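query.cif follows (mmCIF, C-alpha atoms and all ligand atoms):
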data_run
#
loop_
_atom_site.label_atom_id
_atom_site.label_comp_id
_atom_site.auth_asym_id
_atom_site.auth_seq_id
_atom_site.Cartn_x
_atom_site.Cartn_y
_atom_site.Cartn_z
CA MET A 1 -42.70 67.06 44.38
CA LEU A 2 -42.17 66.35 40.69
CA GLU A 3 -38.97 68.32 40.76
CA LYS A 4 -37.73 66.34 43.69
CA ILE A 5 -38.42 63.15 41.77
CA LYS A 6 -36.58 64.42 38.75
CA ALA A 7 -33.52 65.36 40.78
CA LEU A 8 -33.46 61.96 42.38
CA GLN A 9 -33.80 60.35 38.97
CA GLN A 10 -30.67 62.09 37.75
CA GLU A 11 -28.81 61.21 40.87
CA ILE A 12 -29.65 57.55 40.57
CA ALA A 13 -28.83 57.33 36.87
CA THR A 14 -25.26 58.37 37.55
CA VAL A 15 -24.47 56.62 40.83
CA LYS A 16 -21.24 54.66 40.88
CA ALA A 17 -19.92 51.86 43.00
CA SER A 18 -16.46 50.40 43.27
CA THR A 19 -17.21 47.42 45.46
CA LEU A 20 -20.09 45.12 46.17
CA GLU A 21 -20.45 46.84 49.57
CA ASP A 22 -20.97 50.15 47.77
CA VAL A 23 -23.79 48.59 45.82
CA ASP A 24 -25.42 47.47 49.03
CA ALA A 25 -25.05 50.95 50.51
CA LEU A 26 -26.80 52.36 47.45
CA ARG A 27 -29.60 49.86 47.87
CA ILE A 28 -30.08 50.99 51.48
CA LYS A 29 -29.84 54.64 50.57
CA TYR A 30 -32.48 54.51 47.85
CA ILE A 31 -34.74 51.54 47.97
CA SER A 32 -34.70 50.07 51.44
CA LYS A 33 -37.73 50.78 53.65
CA LYS A 34 -36.23 54.03 54.85
CA GLY A 35 -34.54 54.86 51.54
CA LYS A 36 -35.07 58.02 49.57
CA VAL A 37 -37.42 56.45 47.06
CA SER A 38 -39.51 54.74 49.70
CA GLN A 39 -39.88 58.03 51.51
CA LEU A 40 -41.49 59.50 48.43
CA PHE A 41 -44.26 56.96 48.77
CA ALA A 42 -44.91 58.29 52.27
CA GLU A 43 -45.06 61.84 51.00
CA PHE A 44 -47.41 60.76 48.24
CA LYS A 45 -50.32 60.91 50.67
CA SER A 46 -50.17 64.70 50.72
CA VAL A 47 -50.16 65.12 46.94
CA PRO A 48 -53.33 66.90 45.76
CA PRO A 49 -55.79 64.47 44.09
CA GLU A 50 -55.52 66.05 40.64
CA LEU A 51 -51.75 65.38 40.59
CA LYS A 52 -51.89 61.92 42.09
CA LYS A 53 -51.90 60.12 38.76
CA GLU A 54 -48.88 61.90 37.34
CA VAL A 55 -46.84 61.85 40.54
CA GLY A 56 -47.71 58.22 41.22
CA LYS A 57 -46.40 57.17 37.85
CA ALA A 58 -43.23 59.20 38.27
CA ILE A 59 -42.49 57.59 41.65
CA ASN A 60 -43.08 54.13 40.29
CA ASP A 61 -40.79 54.78 37.33
CA LEU A 62 -38.15 56.08 39.67
CA LYS A 63 -38.36 52.97 41.81
CA LEU A 64 -37.92 50.77 38.77
CA LEU A 65 -34.98 52.83 37.59
CA ALA A 66 -33.32 52.56 40.99
CA GLN A 67 -33.81 48.80 41.13
CA GLU A 68 -32.48 48.32 37.64
CA ARG A 69 -29.44 50.48 38.20
CA ILE A 70 -28.56 48.73 41.43
CA ASN A 71 -29.02 45.27 39.90
CA GLN A 72 -26.88 46.28 36.98
CA LEU A 73 -24.06 47.41 39.25
CA ARG A 74 -24.32 44.25 41.31
CA GLU A 75 -24.09 42.06 38.21
CA THR A 76 -20.92 43.72 37.03
CA PHE A 77 -19.25 42.79 40.30
CA GLU A 78 -20.69 39.35 40.52
CA SER A 79 -19.51 38.42 37.04
CA GLY A 80 -16.03 39.58 37.97
CA LEU A 81 -15.96 42.51 35.56
CA GLU A 82 -15.43 45.95 36.92
CA GLU A 83 -17.27 48.72 35.27
CA GLY A 84 -15.64 51.57 33.36
CA ALA A 85 -12.54 53.04 34.96
CA GLY A 86 -12.22 50.02 37.24
CA THR A 87 -11.32 47.72 34.31
CA ASP A 88 -7.67 46.72 34.18
CA LEU A 89 -6.95 46.60 30.50
CA THR A 90 -3.44 45.30 31.07
CA ARG A 91 -4.62 42.20 32.91
CA PRO A 92 -3.49 39.09 30.97
CA GLY A 93 -6.35 37.26 29.26
CA GLU A 94 -7.39 33.86 30.45
CA SER A 95 -5.74 31.26 28.26
CA MET A 96 -8.02 28.90 26.42
CA LYS A 97 -7.48 25.23 27.00
CA LEU A 98 -6.31 23.56 23.82
CA GLY A 99 -7.78 20.26 22.75
CA ALA A 100 -5.53 17.29 22.17
CA ARG A 101 -4.75 15.47 18.97
CA HIS A 102 -6.22 12.03 18.69
CA PRO A 103 -3.49 9.38 18.95
CA LEU A 104 -4.51 7.99 15.55
CA ALA A 105 -4.04 11.44 14.03
CA ILE A 106 -0.63 11.79 15.65
CA VAL A 107 0.59 8.50 14.18
CA ARG A 108 -1.07 9.10 10.80
CA ASN A 109 0.62 12.50 10.52
CA GLU A 110 3.94 11.00 11.46
CA ILE A 111 3.63 8.34 8.74
CA ILE A 112 2.61 10.98 6.20
CA ASP A 113 5.66 12.97 7.24
CA ILE A 114 8.05 10.02 6.91
CA PHE A 115 6.89 9.23 3.39
CA GLY A 116 6.72 12.91 2.53
CA ARG A 117 10.46 13.14 3.08
CA ILE A 118 11.05 10.66 0.24
CA GLY A 119 8.67 12.29 -2.17
CA PHE A 120 5.34 10.59 -1.49
CA THR A 121 2.33 12.88 -1.78
CA VAL A 122 -1.05 12.29 -0.13
CA ALA A 123 -4.34 11.48 -1.88
CA GLU A 124 -7.73 10.49 -0.58
CA GLY A 125 -10.77 8.66 -1.92
CA PRO A 126 -14.41 8.12 -0.97
CA GLU A 127 -15.49 5.90 1.93
CA ILE A 128 -18.51 4.72 -0.04
CA GLU A 129 -17.18 2.71 -2.97
CA ASP A 130 -18.37 0.70 -5.92
CA ASP A 131 -17.42 -2.88 -6.65
CA TRP A 132 -14.94 -1.84 -9.34
CA HIS A 133 -12.68 0.23 -7.12
CA ASN A 134 -12.90 -1.91 -3.99
CA PHE A 135 -12.66 -5.32 -5.71
CA SER A 136 -12.81 -5.86 -9.47
CA ALA A 137 -10.10 -3.47 -10.60
CA LEU A 138 -7.91 -4.84 -7.81
CA ASN A 139 -8.02 -8.23 -9.49
CA PHE A 140 -10.60 -9.86 -7.24
CA PRO A 141 -12.55 -12.02 -9.76
CA PRO A 142 -16.31 -12.33 -9.17
CA GLU A 143 -17.10 -15.06 -6.61
CA HIS A 144 -13.43 -15.21 -5.66
CA PRO A 145 -13.09 -16.38 -2.07
CA ALA A 146 -10.73 -13.50 -1.37
CA ARG A 147 -13.81 -11.27 -1.32
CA ASP A 148 -14.95 -13.20 1.74
CA MET A 149 -11.74 -12.34 3.54
CA GLN A 150 -13.11 -8.87 3.91
CA ASP A 151 -16.54 -8.89 5.50
CA THR A 152 -18.16 -6.16 3.55
CA PHE A 153 -20.93 -3.79 4.59
CA PHE A 154 -23.08 -3.46 1.49
CA ILE A 155 -25.24 -0.42 1.00
CA GLN A 156 -26.80 -1.69 -2.20
CA LYS A 157 -26.60 -4.85 -4.32
CA ASP A 158 -26.52 -5.02 -8.16
CA PRO A 159 -24.83 -2.75 -8.84
CA ASP A 160 -22.91 -3.08 -5.60
CA VAL A 161 -22.35 -0.03 -3.45
CA LEU A 162 -20.41 -0.64 -0.26
CA LEU A 163 -18.35 0.84 2.55
CA ARG A 164 -14.75 0.37 1.46
CA THR A 165 -13.04 -2.53 3.18
CA HIS A 166 -9.55 -1.18 2.51
CA THR A 167 -7.83 1.89 1.11
CA SER A 168 -6.50 -0.07 -1.88
CA GLY A 169 -9.31 1.34 -4.02
CA VAL A 170 -7.65 4.75 -3.87
CA GLN A 171 -4.73 3.22 -5.82
CA ILE A 172 -7.15 2.52 -8.64
CA ARG A 173 -8.65 6.00 -8.54
CA VAL A 174 -5.22 7.62 -8.68
CA MET A 175 -3.91 5.35 -11.46
CA GLU A 176 -7.06 5.90 -13.51
CA ARG A 177 -6.41 9.62 -13.61
CA THR A 178 -2.60 9.81 -13.59
CA GLN A 179 0.12 8.22 -15.71
CA PRO A 180 3.41 7.22 -13.97
CA PRO A 181 5.53 8.25 -12.26
CA ILE A 182 3.15 7.92 -9.30
CA ARG A 183 4.39 8.08 -5.74
CA ALA A 184 1.69 8.62 -3.16
CA ILE A 185 0.13 7.41 0.07
CA PHE A 186 -3.56 7.21 0.87
CA PRO A 187 -4.73 7.46 4.47
CA GLY A 188 -8.36 6.80 5.32
CA ARG A 189 -11.10 5.11 7.26
CA VAL A 190 -12.23 1.61 6.32
CA PHE A 191 -15.10 -0.63 7.42
CA ARG A 192 -15.55 -4.35 7.98
CA ASN A 193 -18.43 -6.33 9.32
CA GLU A 194 -16.54 -7.81 12.24
CA ALA A 195 -17.47 -8.47 15.83
CA ILE A 196 -16.13 -5.66 17.99
CA SER A 197 -13.56 -6.80 20.54
CA ALA A 198 -10.35 -5.57 22.14
CA ARG A 199 -8.47 -6.58 18.98
CA SER A 200 -10.82 -5.74 16.12
CA HIS A 201 -13.39 -3.12 15.27
CA CYS A 202 -15.82 -2.55 12.45
CA ILE A 203 -14.19 0.83 11.75
CA PHE A 204 -10.48 1.35 11.52
CA HIS A 205 -7.87 3.30 9.59
CA GLN A 206 -5.32 2.31 6.98
CA ILE A 207 -2.53 3.94 5.05
CA GLU A 208 -1.90 2.63 1.60
CA GLY A 209 1.21 3.36 -0.45
CA LEU A 210 1.84 3.15 -4.19
CA TYR A 211 4.90 3.69 -6.33
CA VAL A 212 4.70 3.12 -10.09
CA ASP A 213 7.42 4.03 -12.56
CA GLU A 214 9.82 2.42 -15.02
CA ASN A 215 12.11 -0.19 -13.44
CA VAL A 216 10.58 -0.24 -9.98
CA SER A 217 11.74 -3.47 -8.36
CA PHE A 218 11.19 -5.54 -5.24
CA ALA A 219 14.51 -4.16 -3.97
CA ASP A 220 12.98 -0.66 -4.07
CA LEU A 221 10.04 -1.92 -2.04
CA LYS A 222 12.30 -3.47 0.59
CA GLN A 223 14.50 -0.41 0.86
CA THR A 224 11.53 1.95 1.15
CA LEU A 225 9.91 -0.14 3.86
CA LEU A 226 13.18 -0.51 5.78
CA TYR A 227 13.61 3.27 5.75
CA PHE A 228 10.02 3.66 6.95
CA ALA A 229 10.38 1.12 9.77
CA LYS A 230 13.57 2.73 11.05
CA GLU A 231 12.03 6.21 10.97
CA LEU A 232 8.91 5.10 12.79
CA PHE A 233 10.26 2.58 15.30
CA GLY A 234 13.90 3.63 15.67
CA GLU A 235 17.26 3.21 13.95
CA ASP A 236 17.88 -0.33 15.27
CA THR A 237 14.67 -1.72 13.81
CA LYS A 238 14.96 -4.73 11.52
CA ILE A 239 12.39 -5.93 9.02
CA ARG A 240 11.54 -9.30 7.56
CA LEU A 241 9.25 -10.19 4.68
CA ARG A 242 7.15 -13.34 4.62
CA PRO A 243 5.46 -14.60 1.44
CA SER A 244 1.73 -13.95 1.41
CA TYR A 245 -1.17 -13.52 -0.95
CA PHE A 246 -3.18 -10.51 -2.10
CA PRO A 247 -5.09 -10.50 -5.41
CA PHE A 248 -3.67 -7.12 -6.41
CA THR A 249 0.03 -7.85 -5.87
CA GLU A 250 2.32 -10.53 -7.27
CA PRO A 251 4.48 -11.49 -5.51
CA SER A 252 2.92 -10.49 -2.19
CA ALA A 253 4.45 -10.34 1.25
CA GLU A 254 3.74 -9.47 4.82
CA MET A 255 6.25 -7.36 6.67
CA ASP A 256 7.27 -7.79 10.30
CA VAL A 257 9.38 -5.38 12.29
CA SER A 258 11.59 -6.42 15.18
CA CYS A 259 9.61 -5.92 18.37
CA SER A 260 10.16 -2.34 19.52
CA ILE A 261 9.21 -3.28 23.08
CA CYS A 262 11.69 -6.08 23.83
CA GLY A 263 14.12 -5.23 21.02
CA GLY A 264 13.56 -8.65 19.45
CA LYS A 265 14.32 -10.72 22.55
CA GLY A 266 10.74 -11.86 22.96
CA CYS A 267 7.95 -10.51 25.19
CA ASN A 268 4.20 -10.89 25.56
CA VAL A 269 3.46 -8.16 23.00
CA CYS A 270 5.33 -10.02 20.23
CA LYS A 271 4.17 -13.33 21.71
CA TYR A 272 7.81 -14.27 22.31
CA THR A 273 8.62 -14.28 18.59
CA GLY A 274 10.60 -11.03 18.60
CA TRP A 275 8.61 -9.86 15.55
CA LEU A 276 5.49 -7.77 14.99
CA GLU A 277 3.46 -7.96 11.81
CA ILE A 278 2.62 -4.47 10.62
CA LEU A 279 1.81 -4.40 6.92
CA GLY A 280 1.01 -6.15 3.66
CA CYS A 281 2.83 -5.35 0.45
CA GLY A 282 3.91 -6.56 -2.96
CA MET A 283 4.56 -5.75 -6.60
CA VAL A 284 1.46 -4.35 -8.27
CA ASP A 285 -0.11 -7.14 -10.35
CA PRO A 286 0.14 -6.30 -14.08
CA ASN A 287 -3.62 -6.90 -14.39
CA VAL A 288 -4.22 -4.04 -11.97
CA LEU A 289 -2.01 -1.68 -13.99
CA GLU A 290 -3.85 -2.65 -17.18
CA ASN A 291 -7.23 -2.13 -15.49
CA CYS A 292 -6.14 1.47 -15.00
CA HIS A 293 -4.80 1.88 -18.55
CA ILE A 294 -1.16 1.82 -17.48
CA ASP A 295 1.16 -0.09 -19.79
CA SER A 296 2.38 -3.07 -17.74
CA ARG A 297 5.23 -3.79 -20.19
CA LYS A 298 6.65 -0.35 -19.61
CA TYR A 299 5.87 0.21 -15.94
CA THR A 300 6.11 -1.73 -12.72
CA GLY A 301 5.20 -0.72 -9.21
CA PHE A 302 4.97 -1.68 -5.59
CA ALA A 303 2.19 -1.16 -3.09
CA PHE A 304 1.72 -1.60 0.63
CA GLY A 305 -1.02 -1.16 3.17
CA MET A 306 -1.05 -0.95 6.95
CA GLY A 307 -3.51 -0.46 9.80
CA ILE A 308 -2.99 2.72 11.80
CA GLU A 309 -4.68 1.37 14.94
CA ARG A 310 -2.28 -1.53 15.23
CA ILE A 311 0.77 0.70 14.91
CA THR A 312 -0.66 3.23 17.37
CA MET A 313 -1.40 0.46 19.88
CA LEU A 314 2.19 -0.75 19.62
CA ARG A 315 3.54 2.77 19.89
CA TYR A 316 1.64 3.74 23.03
CA GLY A 317 1.05 0.33 24.59
CA ILE A 318 -2.72 0.60 24.15
CA LYS A 319 -4.31 -2.77 24.88
CA ASP A 320 -7.87 -2.26 23.59
CA ILE A 321 -8.75 -0.94 20.11
CA ARG A 322 -12.14 0.28 21.36
CA HIS A 323 -10.48 3.15 23.23
CA PHE A 324 -9.91 4.90 19.91
CA PHE A 325 -13.60 5.27 19.21
CA GLU A 326 -15.14 5.89 22.61
CA ASN A 327 -14.07 9.52 22.97
CA ASP A 328 -13.40 9.12 26.65
CA VAL A 329 -11.49 12.27 27.58
CA ARG A 330 -9.56 10.42 30.29
CA PHE A 331 -8.00 8.38 27.48
CA LEU A 332 -7.66 11.24 24.98
CA ARG A 333 -6.09 13.72 27.44
CA GLN A 334 -3.07 11.47 27.84
CA PHE A 335 -1.89 12.51 24.39
CA GLU A 336 -2.10 16.26 25.02
CA SER A 337 1.59 16.97 24.96
CA ALA A 338 2.39 14.40 22.28
N1 LIG B 401 -5.58 -4.07 1.31
C1 LIG B 401 -4.90 -4.98 2.21
C2 LIG B 401 -5.80 -5.23 3.41
O1 LIG B 401 -6.66 -4.47 3.66
C3 LIG B 401 -3.59 -4.41 2.65
C4 LIG B 401 -2.61 -4.37 1.53
C5 LIG B 401 -1.80 -5.43 1.29
C6 LIG B 401 -2.52 -3.26 0.72
C7 LIG B 401 -0.89 -5.42 0.26
C8 LIG B 401 -1.59 -3.23 -0.30
C9 LIG B 401 -0.78 -4.32 -0.52
O2 LIG B 401 -1.45 -2.18 -1.13
O3 LIG B 401 0.12 -4.29 -1.53
O4 LIG B 401 -5.58 -6.17 4.11
#
Could you write out this structure as structure tokens?
Ligand code: DAH
Amino acid sequence: MLEKIKALQQEIATVKASTLEDVDALRIKYISKKGKVSQLFAEFKSVPPELKKEVGKAINDLKLLAQERINQLRETFESGLEEGAGTDLTRPGESMKLGARHPLAIVRNEIIDIFGRIGFTVAEGPEIEDDWHNFSALNFPPEHPARDMQDTFFIQKDPDVLLRTHTSGVQIRVMERTQPPIRAIFPGRVFRNEAISARSHCIFHQIEGLYVDENVSFADLKQTLLYFAKELFGEDTKIRLRPSYFPFTEPSAEMDVSCSICGGKGCNVCKYTGWLEILGCGMVDPNVLENCHIDSRKYTGFAFGMGIERITMLRYGIKDIRHFFENDVRFLRQFESA
């Protein structure tokens, strides 16, 4: 009897199946009611009492082995993998679905690329800033109302620690550690304590630009920004500069581009003006240069700053800024091939 069990054990350990039906046939052959293993239980009755313990254990082990082996074979078919020789090693792998770039990343990279072509490098700074880099060094005097223009999230008061309200602080950090010539842009996330709506959010992204060298003039600023606008919005794009005010630039301006949607004729996106405001800019205030130990009699510079959300919304016709932060894949998937 023990020998019979052993033989069956070997047989079962090496059984093979090439289809799910084969597996079922094996189940019937070995462990169904009339199967070979079940039959052993019937024969068990005639085993002499002194051998019952040993034989009983052997039969039970065999039953377990048979069940395990059959389950194992079944699983290989059910999971779609064929065992051993059945595997087709030449079958092409299943391609993995690639994620999509976020529209803000697409536009940011494009802007970095455009300025990269005229020699601007990229630098970054911290999102948690001190008063010096976010305000004081940028020529915002204490108590100056301009500080109220930017609703700041404070983390700590006296000394002030805050979430940066703009990327202009990175200008300071770069000028503090580098002497001119400096030609760089600074992309990053900024924070303002504003009510969230379709048009504004408490988190958004900016790209700041800075060029400091000898003899940098307002004409250089205009030419650089015209080049940028044409690269980003198309060759026919026009720009116009309107006087404005920022503490860190003098003179300061705001730049509009001709509406890329109606070509300047007037539509609801440009509110029938033909122009879209896209950035602030100006000549770096000499006080700012001096705050960073750059000789303002020797060097001049220009700076500019723009919101990436606004440009991305114009580019793709996105009507609500909140889409950028909600991570709804139905929105994000639309940029897969961009
Ligand atoms: N920091 C300004 C803002 O957040 C944008 C800006 C305007 C940056 C003029 C500049 C600049 O560098 O020259 O509204």
Return as AutoDock Vina command-line options the centre and edge lengths, in Å with one decimal, of the box along x, y and z that encloses every atom of ligand LIG 401 (chain B) in the file, padded by 3 Å per side.
--center_x -3.3 --center_y -4.2 --center_z 1.3 --size_x 12.8 --size_y 10.0 --size_z 11.6
Atom O4 of ligand LIG 401 (chain B) to CA of Arg101 (chain A), straight-line distance in Å: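 Going from CA of Arg101 (chain A) over to atom O4 of ligand LIG 401 (chain B) covers 26.3 Å.
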Within-7 Å residues of ligand LIG 401 (chain B), basis all atoms listed in the file, as an NGL selection string: :A and (165-168 or 208-210 or 246 or 248-249 or 252 or 279-284 or 302-306)
Convert the current residue selection to file output with C-alpha atoms, as a CSV table (one decimal), in the coordinates of the input.
chain,number,residue,atom,x,y,z
A,165,THR,CA,-13.0,-2.5,3.2
A,166,HIS,CA,-9.6,-1.2,2.5
A,167,THR,CA,-7.8,1.9,1.1
A,168,SER,CA,-6.5,-0.1,-1.9
A,208,GLU,CA,-1.9,2.6,1.6
A,209,GLY,CA,1.2,3.4,-0.4
A,210,LEU,CA,1.8,3.2,-4.2
A,246,PHE,CA,-3.2,-10.5,-2.1
A,248,PHE,CA,-3.7,-7.1,-6.4
A,249,THR,CA,0.0,-7.8,-5.9
A,252,SER,CA,2.9,-10.5,-2.2
A,279,LEU,CA,1.8,-4.4,6.9
A,280,GLY,CA,1.0,-6.2,3.7
A,281,CYS,CA,2.8,-5.4,0.4
A,282,GLY,CA,3.9,-6.6,-3.0
A,283,MET,CA,4.6,-5.8,-6.6
A,284,VAL,CA,1.5,-4.4,-8.3
A,302,PHE,CA,5.0,-1.7,-5.6
A,303,ALA,CA,2.2,-1.2,-3.1
A,304,PHE,CA,1.7,-1.6,0.6
A,305,GLY,CA,-1.0,-1.2,3.2
A,306,MET,CA,-1.0,-1.0,7.0
Option closest in space to Phe331 (chain A), from A:Ile31, A:Leu232, A:Val23, A:Ala100 [counting all atoms listed in the file]: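 Of A:Ile31, A:Leu232, A:Val23, A:Ala100, the one nearest Phe331 (chain A) is A:Ala100, counting all atoms listed in the file.
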Residues near region 43-45 of chain A, cut-off 8 Å, all atoms listed in the file, skip fewer than 4 positions along chain, as a ChimeraX atom specification: /A:39,52,55-56
All residues 10 Å or closer to Arg297 (chain A), only C-alpha atoms, same chain fewer than 4 positions away omitted, as a ChimeraX atom specification: /A:214,286,289-290
Near-Ser197 (chain A) list (10 Å; only C-alpha atoms; drop same-chain fewer than 6 positions) as a PDB file with C-alpha atoms, in the frame of the given file:
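And here's result_32.pdb as it stands now:
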ATOM      1  CA  ASP A 320      -7.870  -2.260  23.590  1.00  0.00           C
ATOM      2  CA  ILE A 321      -8.750  -0.940  20.110  1.00  0.00           C
ATOM      3  CA  ARG A 322     -12.140   0.280  21.360  1.00  0.00           C
TER       4      ARG A 322
END
Spatial neighbours of Phe325 (chain A), 12 Å, all atoms listed in the file, chain gap at least 4 places, as a ChimeraX atom specification: /A:102-104,196,198,200-205,309,320-321,329,331-332
Straight-line distance linking CA of Gly274 (chain A) with CA of Leu221 (chain A), stated in Å to one decimal: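 We find that CA of Gly274 (chain A) and CA of Leu221 (chain A) lie 22.6 Å from each other.
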Ile308 (chain A) environment, 9 Å, all atoms listed in the file, sequence neighbours closer than 3 positions dropped, as a ChimeraX atom specification: /A:104,107-108,187,204-207,311-313
Point-to-point distance in Å for CA of Asp285 (chain A) and CA of Pro141 (chain A):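 Between these atoms lies a distance of 13.4 Å.
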